[in-house]
$ cat upload-v2.tsv   # TSV, C-alpha atoms and all ligand atoms
chain	number	residue	atom	x	y	z
A	1	MET	CA	-16.83	-2.82	1.86
A	2	ARG	CA	-14.54	-0.01	0.77
A	3	ILE	CA	-13.24	2.10	3.64
A	4	ALA	CA	-11.92	5.57	2.88
A	5	ARG	CA	-10.42	8.28	5.04
A	6	PHE	CA	-11.35	11.69	3.77
A	7	ARG	CA	-11.37	15.39	4.43
A	8	PHE	CA	-14.48	17.48	4.09
A	9	GLY	CA	-13.84	21.13	4.92
A	10	ASP	CA	-11.62	20.99	7.99
A	11	GLN	CA	-12.93	17.63	9.23
A	12	VAL	CA	-11.14	14.30	8.73
A	13	GLU	CA	-13.41	11.24	8.90
A	14	PHE	CA	-13.76	7.64	7.82
A	15	GLY	CA	-16.52	6.45	5.54
A	16	GLU	CA	-17.74	3.67	3.28
A	17	VAL	CA	-17.48	4.26	-0.46
A	18	ILE	CA	-20.61	3.01	-2.24
A	19	ALA	CA	-21.85	3.18	-5.82
A	20	THR	CA	-25.44	4.38	-6.12
A	21	ASP	CA	-27.71	5.35	-9.01
A	22	GLY	CA	-26.86	8.94	-8.13
A	23	GLY	CA	-23.08	8.38	-8.36
A	24	VAL	CA	-20.39	7.29	-5.95
A	25	LEU	CA	-20.97	8.38	-2.35
A	26	VAL	CA	-19.02	8.28	0.88
A	27	ARG	CA	-21.17	7.30	3.89
A	28	GLU	CA	-19.50	8.75	6.94
A	29	PHE	CA	-19.14	6.63	10.06
A	30	GLU	CA	-17.99	7.41	13.59
A	31	GLY	CA	-14.61	6.68	15.05
A	32	HIS	CA	-12.18	4.27	13.44
A	33	PRO	CA	-12.48	1.44	10.91
A	34	PHE	CA	-11.40	-1.39	13.23
A	35	GLN	CA	-14.91	-1.94	14.58
A	36	PRO	CA	-18.28	-2.41	12.88
A	37	PRO	CA	-19.21	0.98	11.41
A	38	ARG	CA	-21.75	3.21	13.15
A	39	TYR	CA	-23.00	5.46	10.38
A	40	THR	CA	-23.59	9.12	11.18
A	41	GLY	CA	-26.22	9.57	8.47
A	42	ARG	CA	-24.07	12.05	6.54
A	43	GLU	CA	-23.24	11.18	2.92
A	44	PHE	CA	-21.00	13.06	0.51
A	45	PRO	CA	-20.48	12.72	-3.25
A	46	LEU	CA	-17.00	11.25	-3.67
A	47	SER	CA	-16.12	14.18	-5.91
A	48	GLU	CA	-16.73	16.63	-3.05
A	49	VAL	CA	-14.32	15.11	-0.54
A	50	LYS	CA	-10.53	14.85	-0.58
A	51	LEU	CA	-9.43	11.24	-0.17
A	52	LEU	CA	-6.52	10.81	2.25
A	53	ALA	CA	-4.29	7.83	2.97
A	54	PRO	CA	-6.95	5.34	4.10
A	55	VAL	CA	-5.08	4.49	7.28
A	56	LEU	CA	-2.23	5.93	9.36
A	57	PRO	CA	0.01	2.95	10.13
A	58	SER	CA	2.31	2.81	13.15
A	59	LYS	CA	4.73	1.02	10.85
A	60	ILE	CA	5.02	-0.17	7.26
A	61	ILE	CA	6.77	-3.48	6.69
A	62	GLY	CA	8.10	-3.94	3.18
A	63	ILE	CA	8.94	-7.28	1.63
A	64	GLY	CA	11.85	-7.29	-0.82
A	65	LYS	CA	12.16	-9.45	-3.94
A	66	ASN	CA	8.85	-11.30	-3.58
A	67	PHE	CA	8.41	-11.61	-7.37
A	68	ALA	CA	10.99	-13.70	-9.23
A	69	GLU	CA	11.17	-11.46	-12.32
A	70	HIS	CA	11.75	-8.33	-10.24
A	71	ALA	CA	14.54	-10.05	-8.28
A	72	ALA	CA	16.07	-11.01	-11.64
A	73	GLU	CA	15.98	-7.42	-12.94
A	74	LEU	CA	17.87	-6.39	-9.78
A	75	ASP	CA	20.46	-9.11	-10.61
A	76	SER	CA	19.49	-10.77	-7.40
A	77	GLU	CA	18.48	-14.19	-6.14
A	78	VAL	CA	15.05	-14.80	-4.68
A	79	PRO	CA	15.44	-14.95	-0.89
A	80	GLU	CA	14.45	-18.27	0.66
A	81	GLU	CA	12.69	-16.51	3.51
A	82	PRO	CA	10.73	-13.24	3.25
A	83	LEU	CA	13.16	-10.31	3.28
A	84	MET	CA	11.79	-7.56	5.52
A	85	PHE	CA	12.48	-3.86	5.75
A	86	LEU	CA	10.70	-0.91	7.36
A	87	LYS	CA	9.40	2.33	5.91
A	88	PRO	CA	8.68	5.14	8.37
A	89	SER	CA	5.07	6.14	9.00
A	90	THR	CA	6.02	9.66	7.89
A	91	ALA	CA	6.57	8.43	4.32
A	92	VAL	CA	2.82	7.83	3.91
A	93	ILE	CA	0.80	10.04	1.57
A	94	GLY	CA	-2.65	9.57	0.11
A	95	PRO	CA	-4.02	9.60	-3.42
A	96	GLY	CA	-3.49	12.85	-5.30
A	97	THR	CA	-0.59	14.03	-3.14
A	98	ALA	CA	2.72	14.48	-4.92
A	99	ILE	CA	5.73	12.20	-4.58
A	100	ALA	CA	8.69	14.53	-3.92
A	101	LEU	CA	12.01	13.59	-5.52
A	102	PRO	CA	14.85	14.29	-3.05
A	103	PRO	CA	17.86	16.13	-4.48
A	104	ARG	CA	20.23	13.47	-3.08
A	105	SER	CA	18.97	10.78	-5.45
A	106	LEU	CA	19.31	10.68	-9.22
A	107	TYR	CA	17.35	7.48	-9.62
A	108	VAL	CA	13.98	7.18	-7.90
A	109	GLU	CA	11.78	4.30	-9.03
A	110	HIS	CA	8.13	3.30	-8.63
A	111	GLU	CA	7.15	-0.09	-7.18
A	112	ALA	CA	3.48	-1.00	-7.57
A	113	GLU	CA	2.40	-3.24	-4.71
A	114	LEU	CA	-0.55	-4.84	-3.01
A	115	ALA	CA	-0.74	-3.57	0.58
A	116	VAL	CA	-2.21	-5.63	3.42
A	117	VAL	CA	-3.87	-3.56	6.17
A	118	ILE	CA	-3.89	-5.20	9.60
A	119	GLY	CA	-7.16	-5.02	11.52
A	120	ARG	CA	-6.20	-5.99	15.05
A	121	LEU	CA	-3.30	-6.34	17.44
A	122	CYS	CA	-1.62	-9.67	16.84
A	123	ARG	CA	1.60	-11.61	16.99
A	124	ASP	CA	2.71	-15.14	16.08
A	125	VAL	CA	-0.28	-15.52	13.76
A	126	PRO	CA	-0.43	-18.99	12.16
A	127	GLU	CA	-0.80	-18.86	8.38
A	128	GLU	CA	-4.22	-20.48	8.57
A	129	ASN	CA	-5.46	-17.64	10.82
A	130	ALA	CA	-4.07	-14.75	8.76
A	131	ALA	CA	-7.50	-13.74	7.46
A	132	ASP	CA	-8.66	-13.08	11.05
A	133	VAL	CA	-6.17	-10.25	11.52
A	134	ILE	CA	-6.46	-8.62	8.08
A	135	LEU	CA	-8.81	-5.66	7.73
A	136	GLY	CA	-8.40	-5.46	3.96
A	137	TYR	CA	-6.20	-4.45	1.04
A	138	THR	CA	-5.19	-1.29	-0.74
A	139	CYS	CA	-2.79	-0.15	-3.47
A	140	ALA	CA	0.68	1.08	-2.59
A	141	ASN	CA	3.73	2.52	-4.28
A	142	ASP	CA	6.95	1.49	-2.54
A	143	VAL	CA	8.92	4.42	-3.97
A	144	THR	CA	12.64	3.67	-3.82
A	145	ALA	CA	15.81	5.67	-4.45
A	146	ARG	CA	17.61	2.85	-6.26
A	147	ASP	CA	21.02	4.55	-6.27
A	148	LEU	CA	20.94	5.15	-2.51
A	149	GLN	CA	19.74	1.59	-1.92
A	150	ALA	CA	22.85	0.30	-3.68
A	151	GLN	CA	25.13	2.86	-2.02
A	152	ASP	CA	23.95	2.22	1.55
A	153	GLY	CA	23.65	-1.56	1.49
A	154	GLN	CA	20.65	-1.31	3.80
A	155	TRP	CA	17.46	0.30	2.69
A	156	THR	CA	16.25	2.77	5.31
A	157	ARG	CA	17.28	5.94	3.50
A	158	ALA	CA	16.39	4.69	0.01
A	159	LYS	CA	12.86	3.83	1.03
A	160	GLY	CA	12.29	6.27	3.86
A	161	PHE	CA	12.02	9.74	2.34
A	162	ASP	CA	8.85	11.71	3.03
A	163	THR	CA	6.18	10.91	0.40
A	164	PHE	CA	7.81	7.57	-0.55
A	165	CYS	CA	4.79	5.52	0.55
A	166	PRO	CA	1.62	6.49	-1.32
A	167	ILE	CA	-1.32	4.27	-0.27
A	168	GLY	CA	-4.98	4.26	-1.28
A	169	PRO	CA	-7.46	5.10	-2.60
A	170	TRP	CA	-9.38	3.03	0.01
A	171	ILE	CA	-9.28	-0.29	1.86
A	172	GLU	CA	-11.23	-3.11	0.22
A	173	THR	CA	-12.31	-5.61	2.88
A	174	GLU	CA	-14.02	-8.29	0.78
A	175	LEU	CA	-11.10	-9.88	-1.07
A	176	ASP	CA	-9.97	-13.42	-0.37
A	177	LEU	CA	-6.20	-13.67	-0.70
A	178	THR	CA	-5.51	-16.13	2.10
A	179	SER	CA	-7.59	-19.25	1.42
A	180	ASP	CA	-6.39	-22.32	-0.48
A	181	ASN	CA	-7.83	-20.80	-3.64
A	182	PRO	CA	-6.98	-17.08	-3.42
A	183	LEU	CA	-7.86	-14.46	-6.00
A	184	ALA	CA	-5.28	-13.53	-8.63
A	185	LEU	CA	-5.44	-9.73	-8.52
A	186	LYS	CA	-3.82	-7.85	-11.41
A	187	ILE	CA	-1.20	-5.39	-10.19
A	188	THR	CA	-0.25	-2.75	-12.75
A	189	CYS	CA	1.70	0.48	-12.91
A	190	GLU	CA	1.39	3.15	-15.58
A	191	VAL	CA	3.45	6.31	-15.83
A	192	ASN	CA	1.94	9.11	-17.95
A	193	GLY	CA	-0.48	6.51	-19.34
A	194	GLU	CA	2.31	4.17	-20.45
A	195	SER	CA	2.37	0.64	-19.06
A	196	ARG	CA	5.41	-0.05	-16.86
A	197	GLN	CA	4.63	-2.96	-14.53
A	198	PHE	CA	2.33	-5.93	-14.64
A	199	GLY	CA	1.95	-8.92	-12.35
A	200	THR	CA	-0.64	-10.77	-10.35
A	201	SER	CA	-0.92	-11.57	-6.68
A	202	LYS	CA	-0.49	-15.23	-7.63
A	203	ASP	CA	3.06	-14.48	-8.79
A	204	MET	CA	4.18	-13.76	-5.24
A	205	ILE	CA	6.85	-16.13	-3.99
A	206	HIS	CA	5.62	-15.87	-0.39
A	207	SER	CA	1.83	-15.67	-0.01
A	208	VAL	CA	-0.09	-13.02	1.90
A	209	ALA	CA	-0.82	-15.55	4.68
A	210	LYS	CA	2.86	-16.47	4.90
A	211	LEU	CA	3.90	-12.81	5.07
A	212	VAL	CA	1.43	-11.97	7.86
A	213	SER	CA	2.59	-15.02	9.80
A	214	TRP	CA	6.26	-14.31	9.17
A	215	VAL	CA	6.18	-10.61	10.05
A	216	SER	CA	4.03	-11.21	13.16
A	217	SER	CA	6.57	-13.77	14.38
A	218	VAL	CA	9.08	-10.92	14.57
A	219	MET	CA	7.05	-7.90	15.70
A	220	THR	CA	3.61	-7.29	17.15
A	221	LEU	CA	1.32	-5.86	14.51
A	222	LEU	CA	-1.09	-3.09	15.46
A	223	PRO	CA	-4.39	-2.12	13.86
A	224	GLY	CA	-3.60	-0.08	10.76
A	225	ASP	CA	-0.12	-1.48	10.22
A	226	VAL	CA	0.64	-2.11	6.57
A	227	ILE	CA	2.59	-4.93	4.90
A	228	LEU	CA	3.80	-4.22	1.36
A	229	THR	CA	3.90	-7.54	-0.47
A	230	GLY	CA	6.58	-6.85	-3.08
A	231	THR	CA	6.59	-5.55	-6.62
A	232	PRO	CA	6.38	-7.20	-10.06
A	233	ALA	CA	9.03	-6.63	-12.73
A	234	GLY	CA	9.21	-3.36	-14.64
A	235	THR	CA	10.25	-0.83	-12.02
A	236	ALA	CA	11.63	2.27	-13.73
A	237	PRO	CA	12.67	5.85	-12.96
A	238	LEU	CA	10.26	8.63	-12.04
A	239	ARG	CA	10.86	12.17	-13.27
A	240	ASN	CA	9.61	15.59	-12.29
A	241	GLY	CA	6.17	16.07	-13.85
A	242	ASP	CA	5.30	12.38	-14.19
A	243	VAL	CA	1.95	10.99	-13.10
A	244	VAL	CA	2.13	7.46	-11.71
A	245	ASP	CA	-0.91	5.20	-11.47
A	246	VAL	CA	-0.91	1.96	-9.45
A	247	THR	CA	-4.05	-0.04	-10.23
A	248	ILE	CA	-5.07	-3.34	-8.64
A	249	SER	CA	-8.10	-5.21	-9.93
A	250	GLY	CA	-10.83	-5.46	-7.34
A	251	ILE	CA	-9.44	-2.47	-5.40
A	252	GLY	CA	-8.96	0.66	-7.52
A	253	SER	CA	-6.35	3.14	-8.67
A	254	LEU	CA	-3.82	5.13	-6.70
A	255	VAL	CA	-2.64	8.15	-8.67
A	256	ASN	CA	0.18	10.51	-7.64
A	257	ALA	CA	2.07	13.21	-9.47
A	258	VAL	CA	5.84	13.53	-9.14
A	259	VAL	CA	7.58	16.80	-8.24
A	260	GLU	CA	11.06	17.92	-7.24
A	261	ARG	CA	11.41	18.29	-3.50
A	262	ALA	CA	11.61	21.95	-2.60
B	1	MG	MG	8.95	-2.97	-2.80

$ encode --input "upload-v2.tsv" --output "structure tokens"
Amino acid sequence: MRIARFRFGDQVEFGEVIATDGGVLVREFEGHPFQPPRYTGREFPLSEVKLLAPVLPSKIIGIGKNFAEHAAELDSEVPEEPLMFLKPSTAVIGPGTAIALPPRSLYVEHEAELAVVIGRLCRDVPEENAADVILGYTCANDVTARDLQAQDGQWTRAKGFDTFCPIGPWIETELDLTSDNPLALKITCEVNGESRQFGTSKDMIHSVAKLVSWVSSVMTLLPGDVILTGTPAGTAPLRNGDVVDVTISGIGSLVNAVVERA
């Protein structure tokens, strides 16, 4: 199923996104998405709600250089073990909200990524059990101030500005990315309709199962936590007025405009 978080009027709710003969609807359900849904009976046309970030993570764990061609374009080796960093929860925005370029950076780039959404509290998860703790997958943009990343040596500032973690448009729960024969999802990024990035989930150096296992061996993961699985080659600068579209086959499109930070 596709789980969205949405606003209707002044209410914020979760719901299931379904295609019907009458168009795409959101079927509202009670409470949170980490339990079987109890539908309220209310349905809304998708066009009449505002989609929000589909989950509010307690933390976002990024994985650096998980695609060989992207590591090469950074003039960097592929790390033998997954290279982790954190993005603050306050960087999260949903679809349709603007990415704000901070005045301190002259070189902010997009990074289209597959995001893993954790479904239950876990730690030390063996790779073969990763599917048990994954709620689903969504699109993400690991927006990065490349100049500040180089200047600081560590990545907290470069990746931590408000709005630097768009996620959405919803969580797809039906995808198999952890079995012996996982799907190869196409991960693409377009800016103003022009193709910038292309890769597939099969190009990852460390698999989704490995990443869940690896990260959970360091820190307890909570329901809603998000792991960003790394970006394919083709990252490039974002400018005021751009529109950036991260699309993943089998999930959907995450579209955000780019503005100067006030
Ligand atoms: Mg990244």

$ closest_atom_pairs --input "upload-v2.tsv" --of "chain A" --to "ligand MG 1 (chain B)" --cutoff "6 Å" --atoms "all atoms listed in the file" --output "tab-separated table"
residue	atom	partner	partner_atom	distance
A:Gly64	CA	B:MG1	MG	5.6
A:Glu111	CA	B:MG1	MG	5.5
A:Asp142	CA	B:MG1	MG	4.9
A:Gly230	CA	B:MG1	MG	4.6
A:Thr231	CA	B:MG1	MG	5.2

$ closest_residue --input "upload-v2.tsv" --among "A:Tyr137, A:Phe198, A:Phe164, A:Tyr107" --to "Arg239 of chain A" --atoms "only C-alpha atoms"
A:Tyr107

$ closest_residue --input "upload-v2.tsv" --among "A:Ala233, A:Val26, A:Val246, A:Ile93" --to "Leu52 of chain A" --atoms "only C-alpha atoms"
A:Ile93

$ closest_residue --input "upload-v2.tsv" --among "A:Lys210, A:Val191, A:Pro95, A:Leu177" --to "Asn256 of chain A" --atoms "all atoms listed in the file"
A:Pro95

$ atom_distance --input "upload-v2.tsv" --atom1 "atom CA of Ala100 of chain A" --atom2 "atom CA of Val244 of chain A"
12.4 Å

$ atom_distance --input "upload-v2.tsv" --atom1 "atom CA of Gln149 of chain A" --atom2 "atom CA of Lys87 of chain A"
13.0 Å

$ closest_residue --input "upload-v2.tsv" --among "A:Glu80, A:Glu28, A:Asp21, A:Asp75" --to "Ile3 of chain A" --atoms "all atoms listed in the file"
A:Glu28

$ atom_distance --input "upload-v2.tsv" --atom1 "atom CA of Val243 of chain A" --atom2 "atom CA of Thr188 of chain A"
13.9 Å

$ closest_residue --input "upload-v2.tsv" --among "A:Ile187, A:Met204, A:Leu211, A:Leu25" --to "Gly62 of chain A" --atoms "all atoms listed in the file"
A:Leu211

$ closest_residue --input "upload-v2.tsv" --among "A:Pro57, A:Pro88, A:Pro182, A:Gly168" --to "Glu113 of chain A" --atoms "all atoms listed in the file"
A:Gly168

$ residues_near_point --input "upload-v2.tsv" --point "(12.9, 3.7, -9.1)" --cutoff "9 Å" --atoms "only C-alpha atoms" --output "list in words"
Tyr107, Val108, Glu109, His110, Glu111, Val143, Thr144, Ala145, Arg146, Asp147, Thr235, Ala236, Pro237 and Leu238 of chain A

$ write_last_selection --input "upload-v2.tsv" --atoms "C-alpha atoms" --output "mmCIF file, keeping the file's coordinate frame"
data_model
loop_
_atom_site.group_PDB
_atom_site.id
_atom_site.type_symbol
_atom_site.label_atom_id
_atom_site.label_comp_id
_atom_site.auth_asym_id
_atom_site.auth_seq_id
_atom_site.Cartn_x
_atom_site.Cartn_y
_atom_site.Cartn_z
ATOM 1 C CA TYR A 107 17.350 7.480 -9.620
ATOM 2 C CA VAL A 108 13.980 7.180 -7.900
ATOM 3 C CA GLU A 109 11.780 4.300 -9.030
ATOM 4 C CA HIS A 110 8.130 3.300 -8.630
ATOM 5 C CA GLU A 111 7.150 -0.090 -7.180
ATOM 6 C CA VAL A 143 8.920 4.420 -3.970
ATOM 7 C CA THR A 144 12.640 3.670 -3.820
ATOM 8 C CA ALA A 145 15.810 5.670 -4.450
ATOM 9 C CA ARG A 146 17.610 2.850 -6.260
ATOM 10 C CA ASP A 147 21.020 4.550 -6.270
ATOM 11 C CA THR A 235 10.250 -0.830 -12.020
ATOM 12 C CA ALA A 236 11.630 2.270 -13.730
ATOM 13 C CA PRO A 237 12.670 5.850 -12.960
ATOM 14 C CA LEU A 238 10.260 8.630 -12.040
#

$ residues_around --input "upload-v2.tsv" --residues "Leu222 of chain A" --least-positions-apart "2" --cutoff "10 Å" --atoms "all atoms listed in the file" --output "list in words"
Pro57, Ser58, Lys59, Val117, Ile118, Gly119, Arg120, Leu121, Cys122, Arg123, Val133, Ser216, Met219, Thr220, Gly224, Asp225 and Val226 of chain A

$ residues_around --input "upload-v2.tsv" --residues "Glu48 of chain A" --least-positions-apart "3" --cutoff "8 Å" --atoms "only C-alpha atoms" --output "list in words"
Phe8, Phe44 and Pro45 of chain A
